[in-house]
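S.K.: To start, I am sharing the structure in question, which I have written as structure tokens.
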Amino acid sequence: LQPGVDAQVEVAARRRAASILDELNGLQAELLGGRADPARLARLAALGEGEEGTDSGLRDAVRAIALRARIELARRTMDPRASGTAAVR
């Protein structure tokens, strides 16, 4: 990649990671209140794929954050007590 392209990729990866973290924080607050907003879960799922960055440190961080989101999504969809929305565990 070229320097200008690398910078754009890094910015996109940082934005994606920040968005995932924002959604995870919102999910946590909702779960403390007893339910998760299905729209938030959909946003988290949509953020599952995207730019990871070219820098190895950034790429590792983005992958770890995305993995956390996938785990939370799996927990919400695999919970037998959940009926279309997330249940508190």
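Within each chain, counting starts at residue 1; across the structure tokens, chains are named A, B, ... in the order shown, with ligands numbered 1 upward in that order.
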So that I can check the surroundings of Arg70 in chain A, please list as a ChimeraX atom specification every protein, DNA and RNA residue that reaches within 12 Å of it, counting only C-alpha atoms and ignoring chain neighbours fewer than 5 positions away.

M.R.: /A:20,24,41-49,63-65,75-78

S.K.: To one decimal place in Å, what is the distance between CA of Asp60 in chain A and CA of Ala13 in chain A?

M.R.: 10.9 Å

S.K.: Quick one: pick out all helix (DSSP H, G or I) residues within chain A from a backbone DSSP run and write them as a PyMOL selection string.

M.R.: chain A and resi 3-32+38-46+56-78

S.K.: Quick one: everything within 10 Å of Gln8 in chain A, counting only C-alpha atoms, minus sequence neighbours fewer than 6 positions away in the same chain. Send it as an mmCIF file with C-alpha atoms, in the first residue's frame.

M.R.:
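Contents of out.cif, freshly written:
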data_model
loop_
_atom_site.group_PDB
_atom_site.id
_atom_site.type_symbol
_atom_site.label_atom_id
_atom_site.label_comp_id
_atom_site.auth_asym_id
_atom_site.auth_seq_id
_atom_site.Cartn_x
_atom_site.Cartn_y
_atom_site.Cartn_z
ATOM 1 C CA GLN A 2 0.976 3.598 -0.453
ATOM 2 C CA ARG A 14 -9.317 2.974 14.521
ATOM 3 C CA GLU A 51 -10.722 -2.689 8.240
ATOM 4 C CA GLY A 53 -5.204 -1.739 9.818
#

S.K.: So, with only C-alpha atoms as the atoms that count, which of A:Ala74, A:Glu52, A:Gly4, A:Ala69 lies closest to Asn25 in chain A?

M.R.: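 Checking each of A:Ala74, A:Glu52, A:Gly4, A:Ala69 against Asn25 in chain A, counting only C-alpha atoms, the winner is A:Ala69.
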
S.K.: Looking at A:Ile71, A:Leu27, A:Val9, A:Ala61, which one is nearest to Ala39 in chain A, with distances taken over only C-alpha atoms?

M.R.: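 Among A:Ile71, A:Leu27, A:Val9, A:Ala61, it is A:Leu27 that comes nearest to Ala39 in chain A.
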
S.K.: What does the distance from CA of Val62 in chain A to CA of Arg15 in chain A come to in Å, to one decimal?

M.R.: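 CA of Val62 in chain A sits 9.9 Å away from CA of Arg15 in chain A.
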
S.K.: Report, in Å with one decimal, the straight-line distance from CA of Ala18 in chain A to CA of Leu73 in chain A.

M.R.: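 Distance reported for this atom pair: 17.2 Å.
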
S.K.: For each of A:Leu67, A:Glu23, A:Leu58, A:Asp6, take the minimum atom-to-atom distance to Arg40 in chain A, counting only C-alpha atoms, then give the residue where this is smallest.

M.R.: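 When distances to Arg40 in chain A are compared using only C-alpha atoms, the smallest one comes from A:Glu23.
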